[in-house]
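**Student:** Structure below; questions to follow.
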Amino acid sequence: MMMMIGWMLITASQAQQNANHMQLDIKQHIQRQNIRIPNIEGYQTLKGDFHIHTVFSDGLVWPTVRVKEAWAEGLDVMAITDHIEYLPHKDHLKKDHNSSYELAKGEAEKHNILLIKASEITRSMSPGHLNALFIDDANKLDKKKVEKVFDEVKAQNGLMIWNHPGWKAQQPDTCLIYDIHKKLIKEGRLHGMEVMNHNEWYPVVLQWCIDHQLAVFANSDIHNVNGYVYDLKHAHRPMTLVFATERSFAGVREAIESARTIAWFDNQLAGPQDLLSQLFKASVVLTPSFYKDKKMQYLELRNNSDLPFAFVNETPENGAPEKFRLEPGKTIIVKVKKGTRSFRCTLENCHIGMFQNMQVDLM
Ligand SMILES: [Zn+2]
Ligand SMILES: [Zn+2]
């Protein structure tokens, strides 16, 4: 009888405990998406987004969350670029242009993400919006005259990129480069331009970058939660591929200054021909004529990257299809007529100039 009472007491106390506190097993371990983009000769390929907003300007997200998003999406390098001149949350948050960087820095270090200190200089056209990267003190960029801001960026040894030059809010009918941009380029103060921003792409800006040997950028300019804007299951945010001698701030900086970048968004790649060509060669393994029958010979193309390639056959007399695609991580077999000597293709999604696509020889 005594034993029975003891058992009943324990049961009662357990029931009491469960009524006060129960935990559900909902823990989600976020895993980083590995983006497979090979290195090229002499350089590491880093994935970057150099234009990101937080609540400290007109974004809706806390800085540390931006780092976790970037990590989960496979980025190596990022810049939080809150507006200097546009602070719609200033009644609710202390005005300090360095806050977003300072809050995110520790989180970036814990996730092995290179977080570049940056700000967005936000003016009407011209000069429009420019990101200042690798700055020391964003508060010192809060000046009335934009020329003084540019001088301050220079004094802090920062780099500048021109954001969304073709944004319709600032260039409704055209996309022009203004004298102030030409002057900045001439003085070596403008180091790159966004050829892709958010969901936009500006082929004319690619041409300016090629002509002036400036780095091309594809940046998200994200304001909302990234997963609310981009379909992350099937696609990715705009990314700037940086070909760096090392995975460090100095490495990223040197790559931008040397214009060793490629813009990547929505299956489109844009950048200098030599880099795109090296990236294609590093991504796609070609096995020529591994088999021949009476009429045809067979080639194999294996894509070891997460980049798609869209081919247009420029020598259709060789019997190969007029158009074919090589999807990320896939292999295709292409048949051409026996005795074919030439198999030149244009890559529809690899842009090396305003109206110019990269060509490759598959034989
Ligand atoms: Zn902007
Ligand atoms: Zn922006």
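Letters A, B, ... go to the chains of the structure tokens in the order shown; residues in each chain start at 1; ligands are counted from 1 in the same order.
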Do you know which residues are within 8 Å of ligand 2 using only C-alpha atoms and all ligand atoms? Can you write them as a list of chain:residue names?

**Tutor:**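 The residues within 8 Å of ligand 2, counting only C-alpha atoms and all ligand atoms, are A:His51, A:Ile52, A:His53, A:Thr81, A:Asp82, A:His83, A:Glu120, A:His129, A:Asn163, A:Asp221, A:Ile222, A:His223.
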
**Student:** I need the chosen residues saved as a short mmCIF file (atom, residue, chain, number, x, y, z; two decimals), in the first residue's frame, with C-alpha atoms.

**Tutor:**
data_model
loop_
_atom_site.label_atom_id
_atom_site.label_comp_id
_atom_site.auth_asym_id
_atom_site.auth_seq_id
_atom_site.Cartn_x
_atom_site.Cartn_y
_atom_site.Cartn_z
CA HIS A 51 24.49 46.06 -51.74
CA ILE A 52 22.29 45.15 -48.77
CA HIS A 53 19.97 47.23 -46.55
CA THR A 81 25.15 49.52 -47.48
CA ASP A 82 22.59 51.53 -45.58
CA HIS A 83 21.68 54.91 -47.03
CA GLU A 120 25.16 53.98 -49.89
CA HIS A 129 23.44 56.32 -55.85
CA ASN A 163 24.54 51.56 -58.22
CA ASP A 221 19.88 45.79 -53.06
CA ILE A 222 17.70 43.75 -50.71
CA HIS A 223 15.35 45.58 -48.34
#

**Student:** Which residues, written as a list in words, have at least one atom at most 6 Å from segment 306-309 of chain A, with only C-alpha atoms counted and residues fewer than 6 positions away on the same chain left out?

**Tutor:** Arg36, Arg325, Leu326, Glu327 and Pro328 of chain A

**Student:** Using only C-alpha atoms, which protein or nucleic acid residues come within 10 Å of Thr64 of chain A? Drop anything in the same chain fewer than 3 positions from it, and give the result as a ChimeraX atom specification.

**Tutor:** /A:54,61,67-69,100-108

**Student:** Write out, as a PDB file, in the first residue's frame, the residues just selected, with N, CA and C atoms.

**Tutor:**
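Output (part-v1.pdb):
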ATOM      1  N   THR A  54      19.449  47.321 -44.215  1.00  0.00           N
ATOM      2  CA  THR A  54      18.894  46.836 -42.943  1.00  0.00           C
ATOM      3  C   THR A  54      17.935  47.908 -42.407  1.00  0.00           C
ATOM      4  N   VAL A  61      15.070  44.510 -42.006  1.00  0.00           N
ATOM      5  CA  VAL A  61      15.729  43.369 -41.371  1.00  0.00           C
ATOM      6  C   VAL A  61      16.874  43.859 -40.492  1.00  0.00           C
ATOM      7  N   VAL A  67      23.451  38.652 -42.163  1.00  0.00           N
ATOM      8  CA  VAL A  67      24.634  37.787 -42.227  1.00  0.00           C
ATOM      9  C   VAL A  67      24.199  36.326 -42.333  1.00  0.00           C
ATOM     10  N   LYS A  68      23.198  35.937 -41.535  1.00  0.00           N
ATOM     11  CA  LYS A  68      22.737  34.549 -41.575  1.00  0.00           C
ATOM     12  C   LYS A  68      22.125  34.201 -42.932  1.00  0.00           C
ATOM     13  N   GLU A  69      21.379  35.133 -43.492  1.00  0.00           N
ATOM     14  CA  GLU A  69      20.824  34.907 -44.835  1.00  0.00           C
ATOM     15  C   GLU A  69      21.955  34.667 -45.840  1.00  0.00           C
ATOM     16  N   SER A 100      24.870  49.474 -38.315  1.00  0.00           N
ATOM     17  CA  SER A 100      24.563  48.182 -38.947  1.00  0.00           C
ATOM     18  C   SER A 100      25.824  47.329 -39.076  1.00  0.00           C
ATOM     19  N   TYR A 101      26.932  47.966 -39.427  1.00  0.00           N
ATOM     20  CA  TYR A 101      28.197  47.219 -39.526  1.00  0.00           C
ATOM     21  C   TYR A 101      28.615  46.690 -38.155  1.00  0.00           C
ATOM     22  N   GLU A 102      28.548  47.558 -37.154  1.00  0.00           N
ATOM     23  CA  GLU A 102      29.014  47.148 -35.825  1.00  0.00           C
ATOM     24  C   GLU A 102      28.185  45.998 -35.262  1.00  0.00           C
ATOM     25  N   LEU A 103      26.880  46.028 -35.514  1.00  0.00           N
ATOM     26  CA  LEU A 103      26.015  44.951 -35.020  1.00  0.00           C
ATOM     27  C   LEU A 103      26.252  43.636 -35.769  1.00  0.00           C
ATOM     28  N   ALA A 104      26.576  43.727 -37.048  1.00  0.00           N
ATOM     29  CA  ALA A 104      26.697  42.519 -37.878  1.00  0.00           C
ATOM     30  C   ALA A 104      28.093  41.892 -37.839  1.00  0.00           C
ATOM     31  N   LYS A 105      29.088  42.681 -37.438  1.00  0.00           N
ATOM     32  CA  LYS A 105      30.482  42.256 -37.562  1.00  0.00           C
ATOM     33  C   LYS A 105      30.779  40.922 -36.861  1.00  0.00           C
ATOM     34  N   GLY A 106      30.372  40.816 -35.616  1.00  0.00           N
ATOM     35  CA  GLY A 106      30.635  39.596 -34.844  1.00  0.00           C
ATOM     36  C   GLY A 106      29.967  38.375 -35.462  1.00  0.00           C
ATOM     37  N   GLU A 107      28.749  38.575 -35.936  1.00  0.00           N
ATOM     38  CA  GLU A 107      28.002  37.481 -36.573  1.00  0.00           C
ATOM     39  C   GLU A 107      28.728  37.031 -37.849  1.00  0.00           C
ATOM     40  N   ALA A 108      29.243  37.990 -38.594  1.00  0.00           N
ATOM     41  CA  ALA A 108      29.984  37.670 -39.827  1.00  0.00           C
ATOM     42  C   ALA A 108      31.232  36.867 -39.494  1.00  0.00           C
TER      43      ALA A 108
END

**Student:** Select, from A:Arg247, A:Lys233, A:His351, A:Lys168, the residue with the minimum atom-to-atom distance to ligand 1, counting only C-alpha atoms and all ligand atoms.

**Tutor:**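 That would be A:Lys168, the residue with the smallest distance to ligand 1.
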
**Student:** Determine, counting only C-alpha atoms, which protein, DNA and RNA residues have an atom within 8 Å of an atom of Gln33 of chain A; residues of the same chain fewer than 5 positions away are not included. Present the result as a PyMOL selection string.

**Tutor:** chain A and resi 72-74

**Student:** What would the file look like if the residues just selected were written as a PDB file, in the first residue's frame with N, CA, C and O atoms?

**Tutor:**
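The resulting selection00.pdb:
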ATOM      1  N   ALA A  72      23.633  31.294 -45.281  1.00  0.00           N
ATOM      2  CA  ALA A  72      22.780  30.188 -45.716  1.00  0.00           C
ATOM      3  C   ALA A  72      22.711  30.086 -47.238  1.00  0.00           C
ATOM      4  O   ALA A  72      22.588  28.992 -47.792  1.00  0.00           O
ATOM      5  N   GLU A  73      22.816  31.223 -47.909  1.00  0.00           N
ATOM      6  CA  GLU A  73      22.717  31.228 -49.376  1.00  0.00           C
ATOM      7  C   GLU A  73      24.069  31.007 -50.062  1.00  0.00           C
ATOM      8  O   GLU A  73      24.153  31.081 -51.283  1.00  0.00           O
ATOM      9  N   GLY A  74      25.117  30.774 -49.275  1.00  0.00           N
ATOM     10  CA  GLY A  74      26.392  30.394 -49.880  1.00  0.00           C
ATOM     11  C   GLY A  74      27.329  31.533 -50.227  1.00  0.00           C
ATOM     12  O   GLY A  74      28.305  31.334 -50.947  1.00  0.00           O
TER      13      GLY A  74
END

**Student:** Write out as a ChimeraX atom specification each polymer residue whose atoms come within 12 Å of Asp231 of chain A, counting only C-alpha atoms; drop sequence neighbours fewer than 6 positions from it.

**Tutor:** /A:73,225,237-238,266

**Student:** Would you put the residues from that selection into a file with N, CA, C and O atoms, as a PDB file, in the first residue's frame?

**Tutor:**
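And here's selection.pdb as it stands now:
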ATOM      1  N   GLU A  73      22.816  31.223 -47.909  1.00  0.00           N
ATOM      2  CA  GLU A  73      22.717  31.228 -49.376  1.00  0.00           C
ATOM      3  C   GLU A  73      24.069  31.007 -50.062  1.00  0.00           C
ATOM      4  O   GLU A  73      24.153  31.081 -51.283  1.00  0.00           O
ATOM      5  N   VAL A 225      13.058  40.630 -46.232  1.00  0.00           N
ATOM      6  CA  VAL A 225      13.663  39.324 -45.975  1.00  0.00           C
ATOM      7  C   VAL A 225      14.018  38.721 -47.342  1.00  0.00           C
ATOM      8  O   VAL A 225      13.197  38.741 -48.259  1.00  0.00           O
ATOM      9  N   ARG A 237      19.866  34.950 -55.271  1.00  0.00           N
ATOM     10  CA  ARG A 237      19.938  36.415 -55.376  1.00  0.00           C
ATOM     11  C   ARG A 237      21.005  36.785 -56.417  1.00  0.00           C
ATOM     12  O   ARG A 237      21.855  35.957 -56.741  1.00  0.00           O
ATOM     13  N   PRO A 238      20.994  38.015 -56.924  1.00  0.00           N
ATOM     14  CA  PRO A 238      22.099  38.435 -57.789  1.00  0.00           C
ATOM     15  C   PRO A 238      23.414  38.309 -57.024  1.00  0.00           C
ATOM     16  O   PRO A 238      23.472  38.662 -55.835  1.00  0.00           O
ATOM     17  N   ASP A 266      19.832  35.262 -62.528  1.00  0.00           N
ATOM     18  CA  ASP A 266      18.765  34.738 -63.372  1.00  0.00           C
ATOM     19  C   ASP A 266      19.325  34.030 -64.613  1.00  0.00           C
ATOM     20  O   ASP A 266      18.911  34.290 -65.730  1.00  0.00           O
TER      21      ASP A 266
END

**Student:** Can you build me a table of segment 227-321 of chain A residues sitting at most 10 Å from segment 189-192 of chain A, with the closest atom pair per residue and its distance in Å to one decimal, using only C-alpha atoms, sorted by chain and residue number, as a tab-separated table?

**Tutor:**
residue	atom	partner	partner_atom	distance
A:Ile256	CA	A:His191	CA	6.9
A:Glu257	CA	A:His191	CA	6.1
A:Ser258	CA	A:His191	CA	8.6
A:Ala259	CA	A:Gly192	CA	7.5
A:Thr261	CA	A:Gly192	CA	9.5

**Student:** Identify, with DSSP run on backbone atoms, the residues in segment 98-213 of chain A assigned to alpha helix (DSSP H), and express the list as a PyMOL selection string.

**Tutor:** chain A and resi 99-110+146-155+179-186+203-212

**Student:** Set the distance at 12 Å and use only C-alpha atoms: which residues neighbour His164 of chain A once local chain neighbours fewer than 4 positions away are removed? I'd like the list as an NGL selection string.

**Tutor:** :A and (51 or 120 or 122 or 125 or 127-131 or 168-171 or 175-177 or 192-206 or 216-221)

**Student:** Can you work out the spacing between atom CA of His111 of chain A and atom CA of Val77 of chain A in Å, to one decimal?

**Tutor:**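 Distance reported for this atom pair: 10.7 Å.
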
**Student:** Let me make sure I understand: among A:Leu115, A:Ala132, A:Ile333, A:Leu362, which one has the smallest atom-to-atom distance to ligand 1 if we use only C-alpha atoms and all ligand atoms?

**Tutor:**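 Closest to ligand 1 of all the choices is A:Ala132.
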
**Student:** Neighbours of Ser126 of chain A within 8 Å (only C-alpha atoms; same-chain residues fewer than 3 positions away dropped), as a PyMOL selection string?

**Tutor:** chain A and resi 123+178+180

**Student:** A:Pro88, A:Gly166, A:Pro321, A:Gly353: which is nearest ligand 1, counting only C-alpha atoms and all ligand atoms?

**Tutor:**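 Once distances to ligand 1 are computed over only C-alpha atoms and all ligand atoms, the minimum belongs to A:Gly166.
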